[in-house]
file upload-v8.pdb (PDB, C-alpha atoms)
ATOM      1  CA  MET A   1      -6.145 -22.167 -34.882
ATOM      2  CA  LYS A   2      -6.344 -19.960 -37.990
ATOM      3  CA  SER A   3      -3.774 -17.533 -36.561
ATOM      4  CA  ARG A   4      -1.334 -20.392 -35.916
ATOM      5  CA  VAL A   5      -1.736 -21.692 -39.442
ATOM      6  CA  PHE A   6      -1.318 -18.162 -40.803
ATOM      7  CA  SER A   7       1.869 -17.701 -38.709
ATOM      8  CA  CYS A   8       3.283 -20.982 -40.003
ATOM      9  CA  VAL A   9       2.511 -19.978 -43.588
ATOM     10  CA  LEU A  10       4.253 -16.616 -43.081
ATOM     11  CA  LEU A  11       7.315 -18.308 -41.561
ATOM     12  CA  LEU A  12       7.482 -20.815 -44.412
ATOM     13  CA  ALA A  13       7.152 -18.017 -46.981
ATOM     14  CA  ALA A  14       9.974 -16.087 -45.316
ATOM     15  CA  LEU A  15      12.239 -19.132 -45.350
ATOM     16  CA  ILE A  16      11.492 -19.852 -48.991
ATOM     17  CA  THR A  17      12.125 -16.271 -50.115
ATOM     18  CA  THR A  18      15.288 -15.778 -48.001
ATOM     19  CA  PRO A  19      18.380 -16.012 -50.196
ATOM     20  CA  VAL A  20      20.231 -19.275 -49.687
ATOM     21  CA  LEU A  21      23.492 -17.396 -49.054
ATOM     22  CA  ALA A  22      21.981 -15.644 -46.051
ATOM     23  CA  LEU A  23      21.439 -19.025 -44.405
ATOM     24  CA  ASN A  24      25.138 -19.962 -44.626
ATOM     25  CA  ALA A  25      26.341 -20.494 -41.053
ATOM     26  CA  GLU A  26      29.875 -19.243 -41.874
ATOM     27  CA  ARG A  27      28.624 -15.751 -42.757
ATOM     28  CA  ALA A  28      28.401 -13.200 -39.959
ATOM     29  CA  PRO A  29      26.104 -10.244 -40.723
ATOM     30  CA  THR A  30      27.229  -6.676 -40.174
ATOM     31  CA  ALA A  31      25.114  -4.139 -38.268
ATOM     32  CA  SER A  32      23.299  -3.044 -41.439
ATOM     33  CA  GLY A  33      22.302  -6.615 -42.280
ATOM     34  CA  HIS A  34      23.296  -5.967 -45.910
ATOM     35  CA  ALA A  35      26.884  -7.243 -45.747
ATOM     36  CA  TYR A  36      28.482 -10.361 -44.294
ATOM     37  CA  ALA A  37      31.881 -11.306 -42.920
ATOM     38  CA  GLU A  38      33.187 -14.541 -44.409
ATOM     39  CA  PRO A  39      36.172 -16.252 -42.799
ATOM     40  CA  TYR A  40      38.944 -16.628 -45.374
ATOM     41  CA  LYS A  41      41.775 -18.189 -43.395
ATOM     42  CA  ALA A  42      43.415 -18.641 -40.010
ATOM     43  CA  VAL A  43      47.029 -19.804 -40.200
ATOM     44  CA  ARG A  44      49.190 -20.635 -37.172
ATOM     45  CA  LYS A  45      52.933 -20.216 -37.751
ATOM     46  CA  ASN A  46      55.819 -19.475 -35.360
ATOM     47  CA  GLY A  47      53.564 -18.531 -32.444
ATOM     48  CA  VAL A  48      51.395 -16.161 -34.500
ATOM     49  CA  LEU A  49      47.841 -16.709 -35.723
ATOM     50  CA  HIS A  50      47.225 -14.764 -38.937
ATOM     51  CA  VAL A  51      43.489 -14.275 -39.621
ATOM     52  CA  GLU A  52      41.895 -12.976 -42.829
ATOM     53  CA  VAL A  53      38.206 -12.122 -43.283
ATOM     54  CA  ARG A  54      36.429 -11.008 -46.445
ATOM     55  CA  PHE A  55      33.267  -8.929 -46.488
ATOM     56  CA  VAL A  56      30.607  -9.473 -49.153
ATOM     57  CA  THR A  57      27.120  -8.244 -49.948
ATOM     58  CA  ASP A  58      24.139  -9.609 -51.860
ATOM     59  CA  TYR A  59      22.281  -6.292 -51.658
ATOM     60  CA  ALA A  60      22.179  -4.364 -54.949
ATOM     61  CA  GLY A  61      23.107  -0.733 -54.376
ATOM     62  CA  TYR A  62      24.847  -1.425 -51.049
ATOM     63  CA  SER A  63      26.171   1.961 -49.907
ATOM     64  CA  GLY A  64      28.927   0.619 -47.639
ATOM     65  CA  GLU A  65      29.266   1.067 -43.890
ATOM     66  CA  LEU A  66      31.690   1.825 -41.105
ATOM     67  CA  ILE A  67      32.634  -1.210 -39.021
ATOM     68  CA  TYR A  68      35.128   0.566 -36.740
ATOM     69  CA  GLU A  69      37.410   3.587 -36.794
ATOM     70  CA  ASP A  70      40.305   4.870 -34.679
ATOM     71  CA  ILE A  71      39.717   2.744 -31.589
ATOM     72  CA  PRO A  72      42.010   3.960 -28.779
ATOM     73  CA  LEU A  73      44.744   1.443 -28.006
ATOM     74  CA  GLU A  74      43.607   1.116 -24.390
ATOM     75  CA  ARG A  75      40.092   0.045 -25.523
ATOM     76  CA  ILE A  76      40.891  -2.145 -28.519
ATOM     77  CA  ASP A  77      41.428  -5.362 -26.519
ATOM     78  CA  GLY A  78      37.806  -5.372 -25.374
ATOM     79  CA  LEU A  79      36.450  -4.632 -28.859
ATOM     80  CA  ILE A  80      38.572  -6.743 -31.241
ATOM     81  CA  TYR A  81      39.726 -10.119 -29.980
ATOM     82  CA  ALA A  82      39.846 -13.837 -30.750
ATOM     83  CA  GLU A  83      38.351 -16.672 -28.726
ATOM     84  CA  PHE A  84      39.959 -20.099 -28.682
ATOM     85  CA  GLY A  85      37.870 -22.575 -26.733
ATOM     86  CA  ASP A  86      37.123 -20.786 -23.455
ATOM     87  CA  GLN A  87      40.001 -18.268 -23.656
ATOM     88  CA  SER A  88      40.160 -14.893 -25.370
ATOM     89  CA  PHE A  89      43.282 -13.318 -26.851
ATOM     90  CA  SER A  90      44.125  -9.759 -27.832
ATOM     91  CA  LEU A  91      45.590  -8.562 -31.081
ATOM     92  CA  LEU A  92      49.342  -9.051 -31.440
ATOM     93  CA  ARG A  93      51.415  -5.920 -30.825
ATOM     94  CA  GLU A  94      54.549  -4.770 -32.644
ATOM     95  CA  ASP A  95      56.385  -1.665 -31.453
ATOM     96  CA  GLY A  96      53.390  -0.727 -29.288
ATOM     97  CA  ASP A  97      50.830  -0.872 -32.114
ATOM     98  CA  VAL A  98      48.367  -3.669 -32.872
ATOM     99  CA  VAL A  99      48.834  -5.780 -35.995
ATOM    100  CA  ALA A 100      45.457  -4.872 -37.501
ATOM    101  CA  PRO A 101      43.984  -2.029 -39.568
ATOM    102  CA  ASP A 102      43.261   1.243 -37.739
ATOM    103  CA  ASN A 103      39.801   1.334 -39.306
ATOM    104  CA  LEU A 104      37.466  -0.780 -41.384
ATOM    105  CA  HIS A 105      35.116   0.810 -43.909
ATOM    106  CA  LEU A 106      33.152  -1.406 -46.297
ATOM    107  CA  GLY A 107      32.816  -0.074 -49.825
ATOM    108  CA  PHE A 108      29.904   0.729 -52.116
ATOM    109  CA  ASN A 109      28.676  -2.081 -54.380
ATOM    110  CA  TYR A 110      26.191  -1.370 -57.149
ATOM    111  CA  ASP A 111      26.012  -4.896 -58.600
ATOM    112  CA  PRO A 112      26.957  -7.731 -56.227
ATOM    113  CA  SER A 113      26.089 -10.335 -58.869
ATOM    114  CA  ARG A 114      29.287  -9.297 -60.697
ATOM    115  CA  ASN A 115      31.548  -9.088 -57.619
ATOM    116  CA  PRO A 116      30.078  -9.288 -54.121
ATOM    117  CA  ARG A 117      33.240  -8.237 -52.226
ATOM    118  CA  VAL A 118      33.030  -4.946 -50.302
ATOM    119  CA  GLY A 119      36.079  -5.227 -48.055
ATOM    120  CA  SER A 120      38.675  -7.362 -46.319
ATOM    121  CA  TRP A 121      40.382  -7.429 -42.943
ATOM    122  CA  LYS A 122      43.652  -8.994 -41.742
ATOM    123  CA  ALA A 123      45.059  -9.200 -38.249
ATOM    124  CA  ASP A 124      47.536 -11.173 -36.153
ATOM    125  CA  PHE A 125      46.945 -12.708 -32.741
ATOM    126  CA  VAL A 126      49.108 -14.694 -30.366
ATOM    127  CA  ALA A 127      48.605 -18.269 -31.523
ATOM    128  CA  PRO A 128      46.788 -20.718 -29.259
ATOM    129  CA  MET A 129      48.217 -24.087 -28.233
ATOM    130  CA  HIS A 130      48.343 -26.728 -30.963
ATOM    131  CA  ASP A 131      45.398 -28.637 -29.492
ATOM    132  CA  ILE A 132      43.096 -25.680 -30.365
ATOM    133  CA  ASN A 133      41.774 -26.080 -33.922
ATOM    134  CA  GLU A 134      39.162 -23.321 -34.243
ATOM    135  CA  VAL A 135      38.944 -19.607 -33.564
ATOM    136  CA  THR A 136      36.086 -17.097 -33.413
ATOM    137  CA  ILE A 137      36.747 -13.405 -34.092
ATOM    138  CA  PHE A 138      34.879 -10.570 -32.391
ATOM    139  CA  MET A 139      34.788  -6.963 -33.598
ATOM    140  CA  PRO A 140      32.381  -4.022 -33.375
ATOM    141  CA  ASN A 141      29.295  -3.958 -35.626
ATOM    142  CA  VAL A 142      29.691  -7.565 -36.826
ATOM    143  CA  ALA A 143      28.211 -10.756 -35.414
ATOM    144  CA  PRO A 144      30.848 -13.216 -34.120
ATOM    145  CA  ILE A 145      32.893 -14.495 -37.074
ATOM    146  CA  GLY A 146      33.492 -18.214 -37.057
ATOM    147  CA  PRO A 147      34.342 -20.666 -35.868
ATOM    148  CA  ILE A 148      37.241 -20.624 -38.348
ATOM    149  CA  LYS A 149      39.380 -23.750 -38.774
ATOM    150  CA  ILE A 150      43.027 -23.121 -37.921
ATOM    151  CA  ARG A 151      45.665 -24.466 -40.310
ATOM    152  CA  ASP A 152      49.255 -25.053 -39.208
ATOM    153  CA  ARG A 153      52.270 -24.200 -41.345
TER     154      ARG A 153
END

call {"tool": "encode", "arguments": {"input": "upload-v8.pdb", "output": "structure tokens"}}
result
Amino acid sequence: MKSRVFSCVLLLAALITTPVLALNAERAPTASGHAYAEPYKAVRKNGVLHVEVRFVTDYAGYSGELIYEDIPLERIDGLIYAEFGDQSFSLLREDGDVVAPDNLHLGFNYDPSRNPRVGSWKADFVAPMHDINEVTIFMPNVAPIGPIKIRDR
């Protein structure tokens, strides 16, 4: 009985001392656990879904981290993709290259209370049908990002 009470007290203490921002369901933690992906926007226009994600930290002295780098084109579809409902879609391609950054490195941040942003990411996907209103983004070293509400223009 005492061990159960002690466990409950420890859990309650952890919840109380956890920063409120870390409990935000829209934030997807990175592999380090010291930065978070925050959906910024998903806009559907002319058959293209443009997605933007911002990365922030609340960890003072965050040293940055590598999310991905130089993924071979033949492997990128299985590592960076969007899910709409029960379907997944690859990055849009123009002239044989994907419409996304070749790499994603998050930057150093000494004082996140002044400006928590450590990076951003933009990419284009083939847009889903108009009856799909949310998207989730998957990429290496980040928990699933979303669901993100899709806006039409």

call {"tool": "closest_residue", "arguments": {"input": "upload-v8.pdb", "among": "A:Arg75, A:His34, A:Lys41, A:Lys149", "to": "Asn133 in chain A", "atoms": "all atoms listed in the file"}}
result
A:Lys149

call {"tool": "closest_residue", "arguments": {"input": "upload-v8.pdb", "among": "A:Ser120, A:Ser32, A:Asn141, A:Asn109", "to": "Phe55 in chain A", "atoms": "all atoms listed in the file"}}
result
A:Ser120

call {"tool": "atom_distance", "arguments": {"input": "upload-v8.pdb", "atom1": "CA of Phe125 in chain A", "atom2": "CA of Asn46 in chain A"}}
result
11.5 Å

call {"tool": "atom_distance", "arguments": {"input": "upload-v8.pdb", "atom1": "CA of Pro112 in chain A", "atom2": "CA of Ile137 in chain A"}}
result
24.9 Å

call {"tool": "resolve_selection", "arguments": {"input": "upload-v8.pdb", "expression": "the PyMOL selection byres ((chain A and resi 110) around 6)", "output": "PyMOL selection string"}}
result
chain A and resi 60-61+109+111

call {"tool": "resolve_selection", "arguments": {"input": "upload-v8.pdb", "expression": "the PyMOL selection byres ((chain A and resi 71) around 12)", "output": "ChimeraX atom specification"}}
result
/A:67-70,72-80,97-98,100-104,139-140

call {"tool": "write_last_selection", "arguments": {"input": "upload-v8.pdb", "atoms": "C-alpha atoms", "output": "PDB file, in the coordinates of the input"}}
result
ATOM      1  CA  ILE A  67      32.634  -1.210 -39.021  1.00  0.00           C
ATOM      2  CA  TYR A  68      35.128   0.566 -36.740  1.00  0.00           C
ATOM      3  CA  GLU A  69      37.410   3.587 -36.794  1.00  0.00           C
ATOM      4  CA  ASP A  70      40.305   4.870 -34.679  1.00  0.00           C
ATOM      5  CA  PRO A  72      42.010   3.960 -28.779  1.00  0.00           C
ATOM      6  CA  LEU A  73      44.744   1.443 -28.006  1.00  0.00           C
ATOM      7  CA  GLU A  74      43.607   1.116 -24.390  1.00  0.00           C
ATOM      8  CA  ARG A  75      40.092   0.045 -25.523  1.00  0.00           C
ATOM      9  CA  ILE A  76      40.891  -2.145 -28.519  1.00  0.00           C
ATOM     10  CA  ASP A  77      41.428  -5.362 -26.519  1.00  0.00           C
ATOM     11  CA  GLY A  78      37.806  -5.372 -25.374  1.00  0.00           C
ATOM     12  CA  LEU A  79      36.450  -4.632 -28.859  1.00  0.00           C
ATOM     13  CA  ILE A  80      38.572  -6.743 -31.241  1.00  0.00           C
ATOM     14  CA  ASP A  97      50.830  -0.872 -32.114  1.00  0.00           C
ATOM     15  CA  VAL A  98      48.367  -3.669 -32.872  1.00  0.00           C
ATOM     16  CA  ALA A 100      45.457  -4.872 -37.501  1.00  0.00           C
ATOM     17  CA  PRO A 101      43.984  -2.029 -39.568  1.00  0.00           C
ATOM     18  CA  ASP A 102      43.261   1.243 -37.739  1.00  0.00           C
ATOM     19  CA  ASN A 103      39.801   1.334 -39.306  1.00  0.00           C
ATOM     20  CA  LEU A 104      37.466  -0.780 -41.384  1.00  0.00           C
ATOM     21  CA  MET A 139      34.788  -6.963 -33.598  1.00  0.00           C
ATOM     22  CA  PRO A 140      32.381  -4.022 -33.375  1.00  0.00           C
TER      23      PRO A 140
END

call {"tool": "resolve_selection", "arguments": {"input": "upload-v8.pdb", "expression": "the PyMOL selection byres ((chain A and resi 33) around 12)", "output": "PDB file with C-alpha atoms, keeping the file's coordinate frame"}}
result
ATOM      1  CA  ALA A  22      21.981 -15.644 -46.051  1.00  0.00           C
ATOM      2  CA  ARG A  27      28.624 -15.751 -42.757  1.00  0.00           C
ATOM      3  CA  ALA A  28      28.401 -13.200 -39.959  1.00  0.00           C
ATOM      4  CA  PRO A  29      26.104 -10.244 -40.723  1.00  0.00           C
ATOM      5  CA  THR A  30      27.229  -6.676 -40.174  1.00  0.00           C
ATOM      6  CA  ALA A  31      25.114  -4.139 -38.268  1.00  0.00           C
ATOM      7  CA  SER A  32      23.299  -3.044 -41.439  1.00  0.00           C
ATOM      8  CA  HIS A  34      23.296  -5.967 -45.910  1.00  0.00           C
ATOM      9  CA  ALA A  35      26.884  -7.243 -45.747  1.00  0.00           C
ATOM     10  CA  TYR A  36      28.482 -10.361 -44.294  1.00  0.00           C
ATOM     11  CA  ALA A  37      31.881 -11.306 -42.920  1.00  0.00           C
ATOM     12  CA  PHE A  55      33.267  -8.929 -46.488  1.00  0.00           C
ATOM     13  CA  VAL A  56      30.607  -9.473 -49.153  1.00  0.00           C
ATOM     14  CA  THR A  57      27.120  -8.244 -49.948  1.00  0.00           C
ATOM     15  CA  ASP A  58      24.139  -9.609 -51.860  1.00  0.00           C
ATOM     16  CA  TYR A  59      22.281  -6.292 -51.658  1.00  0.00           C
ATOM     17  CA  TYR A  62      24.847  -1.425 -51.049  1.00  0.00           C
ATOM     18  CA  GLY A  64      28.927   0.619 -47.639  1.00  0.00           C
ATOM     19  CA  GLU A  65      29.266   1.067 -43.890  1.00  0.00           C
ATOM     20  CA  ASN A 141      29.295  -3.958 -35.626  1.00  0.00           C
ATOM     21  CA  VAL A 142      29.691  -7.565 -36.826  1.00  0.00           C
ATOM     22  CA  ALA A 143      28.211 -10.756 -35.414  1.00  0.00           C
TER      23      ALA A 143
END

call {"tool": "atom_distance", "arguments": {"input": "upload-v8.pdb", "atom1": "CA of Val99 in chain A", "atom2": "CA of Val51 in chain A"}}
result
10.7 Å

call {"tool": "axis_aligned_box", "arguments": {"input": "upload-v8.pdb", "around": "range 99-103 of chain A", "padding_each_side": "6 Å", "output": "lines of an AutoDock Vina configuration file"}}
result
center_x = 44.3
center_y = -2.2
center_z = -37.8
size_x = 21.0
size_y = 19.1
size_z = 15.6

call {"tool": "residues_around", "arguments": {"input": "upload-v8.pdb", "residues": "Gly146 in chain A", "least_positions_apart": "3", "cutoff": "7 Å", "atoms": "all atoms listed in the file", "output": "VMD selection string"}}
result
chain A and resid 26 39 135 to 137

call {"tool": "residues_near_point", "arguments": {"input": "upload-v8.pdb", "point": "(51.3, -28.4, -40.7)", "cutoff": "9 Å", "atoms": "all atoms listed in the file", "output": "JSON, numbers by chain"}}
result
{"A": [44, 45, 151, 152, 153]}

call {"tool": "closest_residue", "arguments": {"input": "upload-v8.pdb", "among": "A:His105, A:Phe89, A:Ile145, A:Tyr40", "to": "Val126 in chain A", "atoms": "all atoms listed in the file"}}
result
A:Phe89

call {"tool": "closest_residue", "arguments": {"input": "upload-v8.pdb", "among": "A:Glu38, A:Met129, A:Glu94, A:Leu49", "to": "Pro147 in chain A", "atoms": "all atoms listed in the file"}}
result
A:Glu38

call {"tool": "closest_residue", "arguments": {"input": "upload-v8.pdb", "among": "A:Asp86, A:Ala127, A:Leu106, A:Asp95", "to": "His50 in chain A", "atoms": "all atoms listed in the file"}}
result
A:Ala127

call {"tool": "residues_near_point", "arguments": {"input": "upload-v8.pdb", "point": "(43.6, -12.8, -40.1)", "cutoff": "7 Å", "atoms": "all atoms listed in the file", "output": "PyMOL selection string"}}
result
chain A and resi 41-42+50-53+121-124
